[in-house]
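> My file is final02.txt. It has compact mmCIF, C-alpha atoms:
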# COMPACT_ATOMS: atom_id res chain seq x y z
CA MET A 28 154.65 178.76 188.05
CA THR A 29 154.15 175.85 185.65
CA VAL A 30 157.91 175.40 185.34
CA ALA A 31 158.28 174.98 189.13
CA VAL A 32 155.41 172.47 189.31
CA ASP A 33 156.83 170.51 186.37
CA ALA A 34 160.22 170.49 188.10
CA GLU A 35 158.64 169.07 191.28
CA ILE A 36 156.88 166.31 189.36
CA THR A 37 160.07 165.53 187.46
CA ALA A 38 162.07 165.37 190.71
CA LEU A 39 159.46 163.07 192.27
CA MET A 40 159.50 160.74 189.27
CA ARG A 41 163.29 160.65 189.28
CA SER A 42 163.43 159.88 193.00
CA LEU A 43 160.82 157.13 192.73
CA ARG A 44 162.64 155.57 189.77
CA VAL A 45 165.87 155.43 191.80
CA GLN A 46 164.15 154.01 194.90
CA ARG A 47 162.23 151.39 192.90
CA GLY A 48 165.42 150.37 191.14
CA HIS A 49 167.12 150.03 194.51
CA VAL A 50 164.33 147.76 195.80
CA LEU A 51 164.37 145.54 192.72
CA GLY A 52 168.16 145.48 192.61
CA THR A 53 168.28 144.39 196.24
CA VAL A 54 166.11 141.32 195.65
CA GLU A 55 167.42 140.51 192.17
CA GLY A 56 169.00 137.10 192.00
CA LEU A 57 167.59 135.89 195.33
CA SER A 58 166.04 132.44 195.23
CA GLU A 59 162.35 131.91 195.96
CA GLU A 60 163.40 130.49 199.33
CA ALA A 61 165.57 133.50 200.18
CA LEU A 62 162.83 135.93 199.15
CA ARG A 63 160.35 134.21 201.48
CA ARG A 64 162.71 133.68 204.43
CA PRO A 65 161.50 135.64 207.47
CA VAL A 66 164.22 138.02 208.60
CA LEU A 67 162.42 139.44 211.64
CA PRO A 68 160.34 137.82 214.42
CA SER A 69 157.24 139.42 212.88
CA GLY A 70 157.64 137.15 209.85
CA TRP A 71 158.74 139.98 207.58
CA SER A 72 160.48 138.79 204.41
CA CYS A 73 161.99 140.51 201.40
CA LEU A 74 159.04 139.36 199.29
CA GLY A 75 156.63 140.69 201.92
CA MET A 76 158.41 144.04 201.77
CA VAL A 77 157.91 144.18 197.99
CA GLN A 78 154.25 143.25 198.36
CA HIS A 79 153.85 145.94 201.03
CA LEU A 80 155.40 148.52 198.70
CA THR A 81 153.06 147.36 195.94
CA LEU A 82 149.82 147.50 197.92
CA SER A 83 150.42 150.03 200.69
CA VAL A 84 152.63 152.50 198.87
CA GLU A 85 152.32 152.44 195.07
CA ARG A 86 148.65 151.42 194.95
CA MET A 87 147.23 153.10 198.03
CA TRP A 88 149.12 156.40 198.09
CA PHE A 89 149.09 157.13 194.39
CA ARG A 90 145.97 155.45 192.98
CA ALA A 91 143.76 155.92 196.07
CA VAL A 92 145.01 159.06 197.84
CA VAL A 93 146.24 161.08 194.85
CA ALA A 94 143.91 159.81 192.12
CA GLY A 95 140.87 158.88 194.22
CA ASP A 96 140.33 155.60 192.33
CA PRO A 97 137.14 154.18 193.92
CA GLU A 98 138.07 150.55 193.15
CA VAL A 99 141.40 150.94 194.97
CA ILE A 100 139.78 152.83 197.84
CA ASP A 101 137.36 149.92 198.32
CA LEU A 102 140.34 147.57 198.69
CA VAL A 103 142.09 149.63 201.39
CA GLY A 104 141.74 147.89 204.72
CA SER A 105 140.00 144.86 203.25
CA GLN A 106 143.06 142.93 202.14
CA ASP A 107 145.13 140.54 204.19
CA SER A 108 148.40 141.79 205.61
CA PRO A 109 150.43 143.14 202.72
CA TRP A 110 153.56 141.96 204.55
CA GLN A 111 152.59 138.28 204.21
CA VAL A 112 152.70 136.64 200.78
CA ALA A 113 150.58 133.51 200.39
CA LEU A 114 152.63 130.36 199.77
CA GLY A 115 150.94 129.66 196.42
CA VAL A 116 151.85 133.05 194.97
CA PRO A 117 155.07 132.85 192.93
CA ALA A 118 157.73 135.44 193.78
CA ALA A 119 157.86 136.47 190.12
CA ASP A 120 154.17 137.44 190.31
CA VAL A 121 154.79 139.66 193.35
CA LEU A 122 157.71 141.39 191.60
CA ASP A 123 155.68 141.82 188.40
CA ARG A 124 152.80 143.37 190.39
CA TYR A 125 155.25 145.81 191.96
CA ARG A 126 156.52 146.87 188.54
CA ASN A 127 152.94 147.19 187.25
CA GLU A 128 151.75 149.26 190.22
CA ALA A 129 154.83 151.49 189.87
CA SER A 130 153.87 152.06 186.24
CA LEU A 131 150.27 152.86 187.19
CA ALA A 132 151.52 155.23 189.91
CA ASP A 133 153.75 156.96 187.37
CA ALA A 134 150.71 157.54 185.16
CA VAL A 135 148.85 159.09 188.10
CA ILE A 136 151.81 161.34 188.93
CA ALA A 137 152.26 162.40 185.30
CA ALA A 138 148.59 163.38 185.10
CA SER A 139 148.69 165.27 188.42
CA SER A 140 149.65 168.74 189.43
CA ALA A 141 152.05 169.13 192.33
CA ASP A 142 149.71 171.62 193.96
CA ALA A 143 146.48 169.62 193.45
CA ASP A 144 144.40 168.57 196.44
CA LEU A 145 144.39 164.93 197.45
CA LEU A 146 141.23 163.15 196.28
CA TRP A 147 140.95 160.73 199.23
CA TRP A 148 142.48 160.21 202.66
CA PRO A 149 142.51 156.94 204.63
CA SER A 150 140.76 157.02 207.97
CA ARG A 151 141.95 154.98 210.94
CA ARG A 152 138.96 152.68 210.42
CA ALA A 153 139.84 151.97 206.77
CA SER A 154 143.59 151.48 207.03
CA GLY A 155 144.28 150.86 210.67
CA ALA A 156 147.16 153.33 210.51
CA CYS A 157 146.10 156.80 209.42
CA THR A 158 143.73 159.45 210.65
CA VAL A 159 142.25 162.44 208.93
Can the structure from this file be put into structure tokens for me?

Amino acid sequence: MTVAVDAEITALMRSLRVQRGHVLGTVEGLSEEALRRPVLPSGWSCLGMVQHLTLSVERMWFRAVVAGDPEVIDLVGSQDSPWQVALGVPAADVLDRYRNEASLADAVIAASSADADLLWWPSRRASGACTV
């Protein structure tokens, strides 16, 4: 049984590493202006996508939902739109935060069991998107 669980965790880590590399490779070499350029009427930009992945995927799903980190849970639903990056925030900072959150998520995954219960679940009130 342990071998199967370890294989699932290993497969998840491998998949995440590939997907994260794809995200960073896609934006690599883009200028600050290109990273911030809205590409959809909603104002979505490549930098906004990376910030969304940082806050709404790596941080929320792994550190809040899987690990139950109370500090992260308190932040869910209280932050501004993760899709919009404030003008004063350098693109390099957003990319560094993504790498850091990915590393923190990896630590959560490595310390978790594939068959463990989730420690928290976002309600519609907290996240605006999910229900229990």
> Considering all atoms listed in the file, return as a list in words whatever protein or nucleic-acid residues lie within 12 Å of Pro117 of chain A, sequence-local ones (same chain, fewer than 3 positions apart) excluded.
Ser58, Glu59, Glu60, Leu62, Arg63, Leu74, Gln78, Val112, Ala113, Leu114, Asp120, Val121, Leu122, Asp123 and Arg124 of chain A
> Do you know which residues are at most 9 Å from Val103 of chain A counting only C-alpha atoms, after dropping those on the same chain fewer than 3 positions away, and could you put them as a ChimeraX atom specification?
/A:82-83,87,91,99-100,106,149,153-154
> Using Å and a single decimal, report how far atom CA of Arg126 of chain A sits from atom CA of Glu85 of chain A.
9.6 Å
> Do you know which residues lie at most 12 Å from (162.1, 143.2, 205.2), with coordinates as in the file and only C-alpha atoms counted, and could you write them as a count of residues only?
26
> Can you tell me how far atom CA of Ala134 of chain A sits from atom CA of Ala119 of chain A, in Å to one decimal?
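Those two atoms sit 22.8 Å apart.
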> Find the distance between atom CA of Ala129 of chain A and atom CA of Gly115 of chain A and write it in Å to one decimal.
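Between these atoms lies a distance of 23.1 Å.
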> Return the single residue from A:Ser105, A:Met40, A:Arg86, A:His49 that is closest to Leu131 of chain A, with distances computed using all atoms listed in the file.
A:Arg86
> Find the residues around Trp147 of chain A up to 6 Å (all atoms listed in the file counted), leave out those fewer than 2 positions away in its own chain, and share them as a list of chain:residue names.
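Near neighbours after the sequence-gap exclusion: A:Val92, A:Gly95, A:Leu145.
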> For a quick check of understanding, using all atoms listed in the file, which of A:Ala137, A:Val84, A:Ala38, A:Glu55 has the smallest distance to Ala118 of chain A?
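The closest residue to Ala118 of chain A is A:Glu55.
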> Would you mind telling me which residue in A:Ala143, A:Arg47, A:Gly52, A:Asp107 lies nearest to Asn127 of chain A when using all atoms listed in the file?
A:Arg47
> Using only C-alpha atoms for the distances, tell me which of A:Trp148, A:Leu57, A:Ala141, A:Leu43 is nearest to Arg90 of chain A.
A:Trp148
> Which of these, A:Val135, A:Val116, A:Ala94, A:Gly104, has the shortest distance to Ser150 of chain A once you count all atoms listed in the file?
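Nearest to Ser150 of chain A: A:Gly104.
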